[in-house]
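Asks: If it helps, the file is called query_17.txt and holds compact mmCIF, C-alpha atoms and all ligand atoms:
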# COMPACT_ATOMS: atom_id res chain seq x y z
CA MET A 1 -13.58 -16.96 14.02
CA ALA A 2 -12.84 -16.17 10.40
CA THR A 3 -9.61 -17.22 8.68
CA TYR A 4 -7.73 -14.56 6.71
CA LEU A 5 -4.98 -14.97 4.16
CA VAL A 6 -2.78 -11.87 3.95
CA THR A 7 -0.70 -11.94 0.77
CA GLY A 8 2.39 -9.79 1.15
CA GLY A 9 1.88 -10.10 4.91
CA ALA A 10 5.62 -9.81 5.60
CA GLY A 11 5.63 -6.41 3.91
CA PHE A 12 5.05 -2.98 5.34
CA ILE A 13 1.25 -2.63 5.04
CA GLY A 14 0.70 -6.39 5.23
CA SER A 15 2.40 -6.76 8.60
CA HIS A 16 0.15 -4.03 10.03
CA VAL A 17 -2.92 -5.84 8.65
CA VAL A 18 -1.65 -9.00 10.35
CA ASP A 19 -1.25 -7.14 13.66
CA GLU A 20 -4.79 -5.78 13.52
CA LEU A 21 -6.26 -9.17 12.64
CA ARG A 22 -4.34 -10.81 15.52
CA SER A 23 -5.67 -8.20 17.93
CA ARG A 24 -9.19 -9.04 16.73
CA GLY A 25 -8.55 -12.74 17.37
CA ALA A 26 -8.76 -13.87 13.72
CA GLN A 27 -6.91 -16.86 12.30
CA VAL A 28 -4.18 -15.53 10.00
CA ARG A 29 -2.00 -17.09 7.31
CA VAL A 30 0.60 -15.14 5.35
CA VAL A 31 2.08 -15.80 1.94
CA ASP A 32 5.02 -13.66 0.87
CA SER A 33 7.74 -14.08 -1.74
CA LEU A 34 10.09 -12.02 0.47
CA VAL A 35 11.13 -10.04 -2.63
CA THR A 36 10.16 -6.79 -0.90
CA GLY A 37 8.86 -8.24 2.40
CA HIS A 38 11.00 -9.21 5.40
CA ARG A 39 10.62 -11.99 7.96
CA GLU A 40 11.55 -9.49 10.70
CA ASN A 41 8.27 -7.64 10.06
CA LEU A 42 6.52 -10.66 11.59
CA ALA A 43 9.17 -11.51 14.19
CA HIS A 44 6.84 -10.31 16.97
CA ALA A 45 4.11 -12.72 15.77
CA PRO A 46 5.76 -16.16 15.80
CA GLU A 47 2.44 -18.03 15.79
CA ILE A 48 1.57 -16.72 12.31
CA GLU A 49 1.90 -19.31 9.55
CA LEU A 50 4.24 -17.84 6.91
CA VAL A 51 4.39 -19.53 3.52
CA VAL A 52 7.27 -18.27 1.39
CA GLY A 53 6.29 -18.48 -2.26
CA ASP A 54 5.11 -16.88 -5.47
CA LEU A 55 1.38 -16.59 -6.22
CA GLY A 56 2.17 -17.05 -9.91
CA ASP A 57 2.91 -20.67 -8.93
CA ALA A 58 -0.47 -22.47 -9.02
CA GLU A 59 0.53 -24.99 -6.38
CA VAL A 60 1.44 -22.23 -3.91
CA ALA A 61 -1.74 -20.27 -4.66
CA GLU A 62 -3.95 -23.36 -4.16
CA ARG A 63 -2.21 -24.31 -0.94
CA VAL A 64 -2.46 -20.90 0.72
CA THR A 65 -6.12 -20.26 -0.16
CA ARG A 66 -7.33 -23.59 1.26
CA ASP A 67 -9.84 -23.19 4.14
CA VAL A 68 -9.62 -19.40 3.98
CA ASP A 69 -12.66 -17.09 4.39
CA TYR A 70 -11.15 -13.75 3.35
CA VAL A 71 -8.08 -12.76 1.38
CA ILE A 72 -6.36 -9.39 1.77
CA HIS A 73 -4.23 -9.25 -1.38
CA LEU A 74 -1.30 -6.91 -0.81
CA ALA A 75 1.50 -8.90 -2.45
CA ALA A 76 3.12 -6.67 -5.08
CA ILE A 77 6.29 -4.89 -6.06
CA PRO A 78 4.89 -1.49 -5.13
CA SER A 79 7.06 1.05 -6.89
CA VAL A 80 6.45 3.37 -9.82
CA PRO A 81 10.14 3.90 -10.74
CA ARG A 82 11.01 0.22 -10.28
CA SER A 83 8.19 -0.69 -12.68
CA VAL A 84 9.67 1.70 -15.24
CA ASP A 85 13.09 0.03 -14.82
CA GLU A 86 11.79 -3.56 -14.56
CA PRO A 87 8.44 -3.82 -16.38
CA VAL A 88 8.57 -7.60 -16.89
CA ALA A 89 9.53 -8.58 -13.34
CA THR A 90 6.97 -6.19 -11.82
CA ASN A 91 4.31 -7.42 -14.25
CA HIS A 92 4.93 -10.96 -13.05
CA ALA A 93 4.54 -10.00 -9.38
CA ASN A 94 1.70 -7.54 -9.81
CA VAL A 95 -0.39 -9.08 -12.61
CA THR A 96 0.48 -12.79 -12.91
CA GLY A 97 0.55 -13.18 -9.13
CA THR A 98 -2.82 -11.45 -8.80
CA LEU A 99 -4.39 -13.59 -11.52
CA GLY A 100 -2.99 -16.75 -9.90
CA LEU A 101 -4.50 -15.69 -6.59
CA PHE A 102 -7.95 -15.04 -8.11
CA VAL A 103 -7.96 -18.42 -9.86
CA ALA A 104 -7.10 -20.24 -6.62
CA ALA A 105 -9.49 -18.16 -4.47
CA GLN A 106 -12.35 -18.97 -6.81
CA ARG A 107 -11.52 -22.70 -6.85
CA GLN A 108 -11.23 -22.81 -3.05
CA GLY A 109 -14.53 -20.99 -2.45
CA VAL A 110 -13.05 -17.95 -0.68
CA LYS A 111 -15.82 -15.57 0.48
CA ARG A 112 -14.14 -12.35 -0.63
CA VAL A 113 -10.82 -10.98 -1.89
CA VAL A 114 -9.82 -7.39 -1.16
CA PHE A 115 -7.35 -6.20 -3.80
CA ALA A 116 -4.94 -3.40 -2.89
CA SER A 117 -4.91 -1.01 -5.83
CA SER A 118 -3.25 2.35 -6.30
CA SER A 119 -4.00 6.01 -6.85
CA SER A 120 -1.36 5.99 -9.58
CA ILE A 121 -4.11 4.68 -11.89
CA TYR A 122 -5.62 8.19 -12.08
CA GLY A 123 -2.53 9.51 -13.85
CA ASN A 124 -1.96 13.16 -14.58
CA SER A 125 -5.42 14.60 -15.20
CA ALA A 126 -5.72 17.97 -13.46
CA ALA A 127 -9.06 17.24 -11.78
CA LEU A 128 -8.86 17.00 -8.00
CA PRO A 129 -9.87 15.33 -5.78
CA LYS A 130 -9.82 11.97 -7.55
CA ARG A 131 -13.16 10.19 -7.64
CA GLU A 132 -13.43 6.50 -8.45
CA ASP A 133 -15.58 7.14 -11.55
CA MET A 134 -12.92 9.32 -13.19
CA PRO A 135 -11.24 7.72 -16.21
CA ALA A 136 -8.04 5.75 -15.58
CA ASP A 137 -4.93 7.02 -17.34
CA PRO A 138 -1.99 4.92 -16.13
CA PRO A 139 1.31 6.79 -16.62
CA SER A 140 3.62 3.93 -15.53
CA PRO A 141 3.79 0.13 -15.81
CA TYR A 142 2.95 -0.03 -12.08
CA ALA A 143 -0.28 1.92 -12.58
CA LEU A 144 -1.23 -0.21 -15.59
CA GLN A 145 -0.51 -3.40 -13.62
CA LYS A 146 -2.76 -2.25 -10.77
CA LEU A 147 -5.50 -1.33 -13.25
CA MET A 148 -5.29 -4.84 -14.70
CA GLY A 149 -5.62 -6.23 -11.19
CA GLU A 150 -8.80 -4.21 -10.67
CA GLN A 151 -10.21 -5.37 -14.00
CA TYR A 152 -9.36 -9.02 -13.33
CA ALA A 153 -11.07 -8.60 -9.95
CA ARG A 154 -14.26 -7.40 -11.61
CA LEU A 155 -14.03 -10.08 -14.29
CA PHE A 156 -13.76 -12.86 -11.71
CA LEU A 157 -16.91 -11.57 -10.05
CA GLN A 158 -18.74 -11.50 -13.39
CA LEU A 159 -17.44 -14.83 -14.72
CA HIS A 160 -17.19 -16.90 -11.56
CA GLY A 161 -19.08 -15.07 -8.80
CA LEU A 162 -15.88 -14.54 -6.78
CA GLU A 163 -16.56 -11.55 -4.52
CA THR A 164 -13.82 -8.97 -5.02
CA VAL A 165 -13.37 -5.38 -3.86
CA ALA A 166 -10.54 -3.05 -4.89
CA VAL A 167 -9.29 -0.43 -2.47
CA ARG A 168 -7.18 2.33 -4.02
CA TYR A 169 -4.42 3.42 -1.68
CA PHE A 170 -2.79 6.80 -1.93
CA ASN A 171 0.67 7.37 -0.43
CA VAL A 172 0.77 5.14 2.64
CA PHE A 173 3.43 5.61 5.32
CA GLY A 174 4.29 4.41 8.81
CA PRO A 175 6.59 2.21 10.87
CA ARG A 176 8.32 -0.69 9.04
CA GLN A 177 8.21 0.98 5.62
CA ASP A 178 11.56 -0.08 4.20
CA PRO A 179 13.82 2.93 3.53
CA SER A 180 16.69 0.89 2.14
CA SER A 181 16.11 1.28 -1.60
CA PRO A 182 15.98 4.31 -3.91
CA TYR A 183 12.46 3.04 -4.73
CA SER A 184 11.30 3.42 -1.12
CA GLY A 185 8.36 5.65 -0.12
CA VAL A 186 9.41 9.24 0.37
CA ILE A 187 8.45 9.56 4.05
CA SER A 188 10.59 6.57 5.00
CA LEU A 189 13.51 8.15 3.12
CA PHE A 190 13.03 11.58 4.72
CA ALA A 191 12.66 10.01 8.19
CA ARG A 192 15.86 8.06 7.83
CA CYS A 193 17.75 11.09 6.52
CA LEU A 194 16.58 13.13 9.52
CA ALA A 195 17.47 10.32 11.95
CA GLU A 196 20.99 10.32 10.45
CA GLN A 197 21.18 14.13 9.93
CA ARG A 198 21.70 13.70 6.16
CA ALA A 199 20.15 15.92 3.46
CA PRO A 200 17.23 14.26 1.63
CA ILE A 201 16.71 14.56 -2.13
CA ILE A 202 13.56 16.20 -3.45
CA TYR A 203 12.80 15.32 -7.07
CA GLY A 204 11.47 18.25 -9.11
CA ASP A 205 10.58 21.54 -7.46
CA GLY A 206 8.99 19.89 -4.42
CA GLU A 207 5.63 21.52 -5.10
CA GLN A 208 4.09 18.23 -6.25
CA THR A 209 1.42 17.11 -3.77
CA ARG A 210 0.37 13.77 -2.29
CA ASP A 211 -2.43 12.46 -0.07
CA PHE A 212 -0.14 10.89 2.55
CA THR A 213 -2.02 8.39 4.70
CA TYR A 214 -0.90 6.78 7.95
CA VAL A 215 -0.91 3.00 7.69
CA GLN A 216 -3.47 2.34 10.42
CA ASN A 217 -6.10 4.29 8.50
CA VAL A 218 -5.47 2.12 5.47
CA VAL A 219 -5.61 -1.08 7.53
CA ASP A 220 -8.98 -0.05 8.95
CA GLY A 221 -10.44 0.76 5.51
CA THR A 222 -9.10 -2.47 4.03
CA LEU A 223 -10.55 -4.69 6.75
CA ARG A 224 -13.89 -2.91 6.47
CA ALA A 225 -13.88 -3.75 2.76
CA ALA A 226 -13.48 -7.44 3.58
CA THR A 227 -16.80 -7.68 5.42
CA ALA A 228 -18.96 -4.66 4.48
CA PRO A 229 -22.24 -5.63 2.78
CA ASP A 230 -23.00 -4.85 -0.88
CA VAL A 231 -19.53 -3.81 -2.03
CA ALA A 232 -18.59 -6.71 -4.32
CA GLY A 233 -17.21 -5.39 -7.61
CA ARG A 234 -16.59 -1.89 -6.24
CA VAL A 235 -13.45 0.23 -6.45
CA ILE A 236 -13.03 2.44 -3.38
CA ASN A 237 -10.45 5.12 -2.51
CA VAL A 238 -8.97 4.59 0.96
CA SER A 239 -6.94 7.58 2.02
CA CYS A 240 -7.05 10.80 4.06
CA GLY A 241 -8.69 13.04 1.45
CA ASP A 242 -6.10 15.76 1.88
CA ARG A 243 -2.84 16.73 0.15
CA VAL A 244 0.47 18.29 1.06
CA SER A 245 3.48 19.30 -1.03
CA LEU A 246 6.83 17.56 -0.66
CA ASN A 247 8.39 20.83 0.50
CA ALA A 248 5.74 21.30 3.20
CA LEU A 249 6.05 17.65 4.21
CA TYR A 250 9.79 17.93 4.72
CA GLU A 251 9.36 21.15 6.71
CA LEU A 252 6.84 19.42 9.00
CA MET A 253 9.19 16.49 9.51
CA ARG A 254 12.18 18.73 10.08
CA GLU A 255 10.23 20.75 12.65
CA GLN A 256 9.18 17.58 14.47
CA ALA A 257 12.81 16.42 14.46
CA GLY A 258 13.83 19.70 16.09
CA GLY A 259 15.83 20.77 13.00
CA GLY A 260 17.72 19.13 10.17
CA PRO A 261 19.67 19.79 6.95
CA ASP A 262 18.24 21.60 3.92
CA PRO A 263 17.04 19.26 1.16
CA GLU A 264 18.91 18.80 -2.12
CA PHE A 265 16.94 19.10 -5.36
CA ALA A 266 17.24 16.75 -8.35
CA PRO A 267 15.33 16.47 -11.68
CA ALA A 268 11.72 15.21 -11.48
CA ARG A 269 11.25 11.44 -11.78
CA VAL A 270 9.94 9.86 -14.98
CA GLY A 271 6.34 8.63 -14.52
CA ASP A 272 5.76 10.87 -11.48
CA VAL A 273 2.31 12.45 -11.20
CA ARG A 274 2.06 16.11 -10.20
CA ASP A 275 -0.83 16.18 -7.76
CA SER A 276 -2.78 13.52 -5.96
CA GLN A 277 -5.70 13.74 -3.54
CA ALA A 278 -8.58 11.38 -2.95
CA ASP A 279 -12.27 11.95 -2.64
CA ILE A 280 -13.15 9.53 0.15
CA SER A 281 -16.94 9.97 0.18
CA LEU A 282 -17.52 6.50 -1.26
CA ALA A 283 -15.44 4.87 1.50
CA ARG A 284 -17.40 6.85 4.08
CA GLU A 285 -20.71 5.82 2.56
CA LEU A 286 -20.03 2.16 1.75
CA LEU A 287 -17.52 1.22 4.46
CA GLY A 288 -18.31 3.68 7.28
CA TYR A 289 -14.62 4.62 6.93
CA GLN A 290 -13.15 7.70 8.55
CA PRO A 291 -9.38 8.27 8.79
CA PHE A 292 -8.60 8.50 12.50
CA VAL A 293 -4.85 9.22 12.56
CA PRO A 294 -4.12 12.70 11.11
CA LEU A 295 -0.95 13.42 9.11
CA ALA A 296 1.03 15.18 11.87
CA GLU A 297 0.24 12.44 14.40
CA GLY A 298 1.18 9.74 11.89
CA ILE A 299 4.45 11.51 11.08
CA ALA A 300 5.28 11.77 14.79
CA ARG A 301 4.68 8.03 15.33
CA THR A 302 6.69 7.18 12.21
CA MET A 303 9.66 9.37 13.08
CA ALA A 304 9.76 7.92 16.59
CA TRP A 305 9.92 4.44 15.06
CA TYR A 306 12.79 5.35 12.69
CA ARG A 307 14.67 6.95 15.59
CA ASP A 308 14.27 3.75 17.64
CA HIS A 309 15.31 1.61 14.68
CA ALA A 310 18.22 3.73 13.40
CA VAL A 311 21.13 1.66 12.16
CA GLN A 312 23.82 2.07 14.83
CA PRO A 313 27.30 2.85 13.52
CA ALA A 314 29.68 -0.08 13.97
CA GLY A 315 32.05 -0.06 16.95
C1 LIG B 401 3.00 6.08 -6.11
C2 LIG B 401 1.50 6.01 -6.08
C3 LIG B 401 0.99 5.16 -4.97
C4 LIG B 401 1.70 3.85 -5.00
C5 LIG B 401 3.17 4.13 -4.79
C6 LIG B 401 4.01 2.89 -4.75
C7 LIG B 401 0.81 8.15 -7.04
C8 LIG B 401 0.13 9.43 -6.77
N1 LIG B 401 0.93 7.32 -5.99
O1 LIG B 401 3.49 6.88 -5.15
O2 LIG B 401 -0.38 4.94 -5.10
O3 LIG B 401 1.20 2.98 -4.05
O4 LIG B 401 3.59 4.84 -5.91
O5 LIG B 401 5.35 3.26 -4.74
O6 LIG B 401 1.19 7.87 -8.14
N2 LIG B 401 10.38 11.77 -3.89
C9 LIG B 401 11.35 12.67 -3.53
N3 LIG B 401 12.48 12.22 -2.93
C10 LIG B 401 12.69 10.90 -2.67
C11 LIG B 401 11.69 9.96 -3.03
C12 LIG B 401 10.54 10.46 -3.64
O7 LIG B 401 11.21 13.88 -3.78
O8 LIG B 401 13.75 10.56 -2.12
C13 LIG B 401 9.14 12.27 -4.50
C14 LIG B 401 8.72 11.53 -5.75
O9 LIG B 401 9.34 12.03 -6.90
C15 LIG B 401 7.22 11.77 -5.70
C16 LIG B 401 6.90 11.84 -4.21
O10 LIG B 401 8.11 12.08 -3.57
O11 LIG B 401 6.91 13.01 -6.31
C17 LIG B 401 6.31 10.57 -3.67
O12 LIG B 401 7.10 9.48 -4.11
P1 LIG B 401 6.90 7.99 -3.59
O13 LIG B 401 6.87 7.99 -2.10
O14 LIG B 401 7.89 7.14 -4.27
O15 LIG B 401 5.44 7.61 -4.03
P2 LIG B 401 4.60 7.89 -5.40
O16 LIG B 401 5.48 7.59 -6.56
O17 LIG B 401 3.89 9.18 -5.33
With the file now loaded, output its structure as structure tokens.
Ligand code: UD1
Replies:
Amino acid sequence: MATYLVTGGAGFIGSHVVDELRSRGAQVRVVDSLVTGHRENLAHAPEIELVVGDLGDAEVAERVTRDVDYVIHLAAIPSVPRSVDEPVATNHANVTGTLGLFVAAQRQGVKRVVFASSSSIYGNSAALPKREDMPADPPSPYALQKLMGEQYARLFLQLHGLETVAVRYFNVFGPRQDPSSPYSGVISLFARCLAEQRAPIIYGDGEQTRDFTYVQNVVDGTLRAATAPDVAGRVINVSCGDRVSLNALYELMREQAGGGPDPEFAPARVGDVRDSQADISLARELLGYQPFVPLAEGIARTMAWYRDHAVQPAG
């Protein structure tokens, strides 16, 4: 059975990758700095080896890649606004950590690294849906950092023969997405507001659109990228291929919750893109990928999770 290293495996998407790998009987190791990840995300999987450390530290990177077949590289500080506020700290996590991982993976003879990239790279060009061959135009430090990760991935293939594949995620959501920071993904914030009957904030006019994708779809596409033939050096969108406005999203969630407060509106966020939607034909063709959890079903599962995990008032 193959051995997988999941970087950022104590995070939201990472912990779901770990769950899927466990159910397939793979050997799994996790490295996580716990800057945005949480031990509790792996509490149900006590047999998983968790190394707490920073991939920018060569000793950590060497240690965790030893005897590993495949790396799923999710470790990052995944926030557009946080990268605007903290460009140096996010650059360290997202670029230096990624470079450290590639160096170690190449030295340890890892078979393939799947790098989690981001739709934010496409920037604000009007053309929709986004195809992988469209020019990158990063509008935030986060997008630029992810683009550098993709380019380092390709460079390590060219220079050292390290097999790398980049999967570009669009807005991923699901259980365990951390709603506790203003930088959190919007669905986690809306779900928590509805669970607590508080009004959510919509930045801008709410007519901006996103290709929201339930986490299990993304896990499936990512694991396909680890083993599919003839994909080394490729960049592949992994998403639903659809888009919905923030206003429509909140209405759907409110309806599923059986009602809820009206949203409050605030000025649009700096670095925000207007519209985002993926063309997923390449993932279909190269990975045999097909999203299998539709938006409404994913929202229902997610809201049920936030209801079950609502913070109980003291007393
Ligand atoms: C972006 C990237 C995505 C990346 C993610 C990491 C794009 C298209 N996508 O997502 O690939 O992985 O960052 O964070 O660039 N919003 C509200 N109210 C809130 C919170 C957010 O209205 O309380 C709005 C935002 O202004 C934005 C939308 O919801 O327009 C989605 O925001 P968010 O969930 O933070 O993700 P993106 O920034 O789109």
Asks: For ligand LIG 401 (chain B), which residue out of A:Pro294, A:Gly288, A:Pro141, A:Gly233 is the nearest one, using all atoms listed in the file?
Replies: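 Of A:Pro294, A:Gly288, A:Pro141, A:Gly233, the one nearest ligand LIG 401 (chain B), counting all atoms listed in the file, is A:Pro141.
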Asks: Interatomic distance between atom CA of Thr36 of chain A and atom CA of Thr213 of chain A?
Replies: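 Taking atom CA of Thr36 of chain A as the start and atom CA of Thr213 of chain A as the end point, the length is 20.3 Å.
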Asks: Find the residues around segment 306-310 of chain A up to 8 Å (only C-alpha atoms counted), leave out those fewer than 6 positions away in its own chain, and share them as number ranges by chain.
Replies: A: 175, 191-192, 195-196
Asks: Quote the spacing between atom CA of Leu5 of chain A and atom CA of Val68 of chain A in Å to one decimal place.
Replies: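 Here the two named atoms are 6.4 Å from each other.
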Asks: Can you pull out every residue within 8 Å of Leu147 of chain A, counting all atoms listed in the file, but drop anything in the same chain fewer than 6 positions away, and send it as an NGL selection string?
Replies: :A and (117 or 121 or 136 or 138)
Asks: Show me which residues line ligand LIG 401 (chain B), defined as having an atom within 6 Å of a ligand atom where all atoms listed in the file count, and present them as number ranges by chain.
Replies: A: 78-80, 118-120, 169-171, 184-186, 189, 201-203, 208, 269, 272-273, 276
Asks: Those selected residues, please, written with C-alpha atoms and delivered as a PDB file, in the coordinates of the input.
Replies:
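Saved result, part_17.pdb, follows:
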ATOM      1  CA  PRO A  78       4.890  -1.490  -5.130  1.00  0.00           C
ATOM      2  CA  SER A  79       7.060   1.050  -6.890  1.00  0.00           C
ATOM      3  CA  VAL A  80       6.450   3.370  -9.820  1.00  0.00           C
ATOM      4  CA  SER A 118      -3.250   2.350  -6.300  1.00  0.00           C
ATOM      5  CA  SER A 119      -4.000   6.010  -6.850  1.00  0.00           C
ATOM      6  CA  SER A 120      -1.360   5.990  -9.580  1.00  0.00           C
ATOM      7  CA  TYR A 169      -4.420   3.420  -1.680  1.00  0.00           C
ATOM      8  CA  PHE A 170      -2.790   6.800  -1.930  1.00  0.00           C
ATOM      9  CA  ASN A 171       0.670   7.370  -0.430  1.00  0.00           C
ATOM     10  CA  SER A 184      11.300   3.420  -1.120  1.00  0.00           C
ATOM     11  CA  GLY A 185       8.360   5.650  -0.120  1.00  0.00           C
ATOM     12  CA  VAL A 186       9.410   9.240   0.370  1.00  0.00           C
ATOM     13  CA  LEU A 189      13.510   8.150   3.120  1.00  0.00           C
ATOM     14  CA  ILE A 201      16.710  14.560  -2.130  1.00  0.00           C
ATOM     15  CA  ILE A 202      13.560  16.200  -3.450  1.00  0.00           C
ATOM     16  CA  TYR A 203      12.800  15.320  -7.070  1.00  0.00           C
ATOM     17  CA  GLN A 208       4.090  18.230  -6.250  1.00  0.00           C
ATOM     18  CA  ARG A 269      11.250  11.440 -11.780  1.00  0.00           C
ATOM     19  CA  ASP A 272       5.760  10.870 -11.480  1.00  0.00           C
ATOM     20  CA  VAL A 273       2.310  12.450 -11.200  1.00  0.00           C
ATOM     21  CA  SER A 276      -2.780  13.520  -5.960  1.00  0.00           C
TER      22      SER A 276
END
Asks: Compile the contact shell of Leu287 of chain A as a PyMOL selection string: residues with an atom at most 10 Å away, counting all atoms listed in the file, same-chain residues fewer than 2 positions apart removed.
Replies: chain A and resi 220-231+236+238+281-285+289-290
Asks: Name the closest residue to Arg234 of chain A among the candidates A:Leu295, A:Ala89, A:Leu286, A:Ala10; distances are taken between atoms, counting only C-alpha atoms.
Replies: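 Smallest separation from Arg234 of chain A among the options: A:Leu286.
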Asks: Which polymer residues have any atom within 12 Å of an atom of His160 of chain A, counting all atoms listed in the file, with same-chain residues fewer than 6 positions away left out, as an NGL selection string?
Replies: :A and (102-110 or 152-154)
Asks: Rounded to one decimal in Å, what is the spacing between atom CA of Glu207 of chain A and atom CA of Gln277 of chain A?
Replies: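 Interatomic distance here is 13.8 Å.
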Asks: Would you mind completing segment 290-297 of chain A so that it carries all heavy atoms, and writing it out as a short mmCIF file (atom, residue, chain, number, x, y, z; two decimals), in the coordinates of the input?
Replies:
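Dumped everything to out.cif:
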data_model
loop_
_atom_site.label_atom_id
_atom_site.label_comp_id
_atom_site.auth_asym_id
_atom_site.auth_seq_id
_atom_site.Cartn_x
_atom_site.Cartn_y
_atom_site.Cartn_z
N GLN A 290 -13.53 6.33 8.20
CA GLN A 290 -13.15 7.70 8.55
C GLN A 290 -11.70 7.65 9.01
O GLN A 290 -11.40 6.95 9.99
CB GLN A 290 -14.07 8.18 9.68
CG GLN A 290 -13.74 9.54 10.25
CD GLN A 290 -13.96 10.66 9.23
OE1 GLN A 290 -14.92 10.62 8.45
NE2 GLN A 290 -13.06 11.61 9.20
N PRO A 291 -10.77 8.33 8.32
CA PRO A 291 -9.38 8.27 8.79
C PRO A 291 -9.28 8.81 10.22
O PRO A 291 -9.85 9.86 10.51
CB PRO A 291 -8.62 9.16 7.81
CG PRO A 291 -9.65 9.96 7.09
CD PRO A 291 -10.93 9.21 7.16
N PHE A 292 -8.60 8.09 11.09
CA PHE A 292 -8.60 8.50 12.50
C PHE A 292 -7.22 8.92 12.99
O PHE A 292 -7.10 9.42 14.10
CB PHE A 292 -9.21 7.42 13.40
CG PHE A 292 -8.51 6.08 13.32
CD1 PHE A 292 -7.56 5.74 14.27
CD2 PHE A 292 -8.80 5.18 12.31
CE1 PHE A 292 -6.90 4.52 14.19
CE2 PHE A 292 -8.15 3.96 12.23
CZ PHE A 292 -7.20 3.63 13.17
N VAL A 293 -6.18 8.71 12.17
CA VAL A 293 -4.85 9.22 12.56
C VAL A 293 -4.47 10.33 11.57
O VAL A 293 -4.20 10.06 10.39
CB VAL A 293 -3.77 8.11 12.53
CG1 VAL A 293 -2.43 8.66 13.02
CG2 VAL A 293 -4.20 6.91 13.37
N PRO A 294 -4.47 11.60 12.02
CA PRO A 294 -4.12 12.70 11.11
C PRO A 294 -2.64 12.69 10.73
O PRO A 294 -1.83 12.04 11.40
CB PRO A 294 -4.49 13.96 11.90
CG PRO A 294 -4.77 13.55 13.29
CD PRO A 294 -4.83 12.05 13.36
N LEU A 295 -2.31 13.44 9.66
CA LEU A 295 -0.95 13.42 9.11
C LEU A 295 0.11 13.70 10.18
O LEU A 295 1.06 12.93 10.32
CB LEU A 295 -0.84 14.46 7.98
CG LEU A 295 0.56 14.58 7.36
CD1 LEU A 295 0.91 13.33 6.56
CD2 LEU A 295 0.66 15.82 6.48
N ALA A 296 -0.03 14.80 10.94
CA ALA A 296 1.03 15.18 11.87
C ALA A 296 1.24 14.11 12.94
O ALA A 296 2.38 13.80 13.31
CB ALA A 296 0.69 16.52 12.52
N GLU A 297 0.14 13.51 13.39
CA GLU A 297 0.24 12.44 14.40
C GLU A 297 0.94 11.20 13.80
O GLU A 297 1.80 10.58 14.42
CB GLU A 297 -1.17 12.11 14.88
CG GLU A 297 -1.32 10.85 15.73
CD GLU A 297 -0.61 10.95 17.06
OE1 GLU A 297 -0.40 12.08 17.53
OE2 GLU A 297 -0.24 9.88 17.61
#
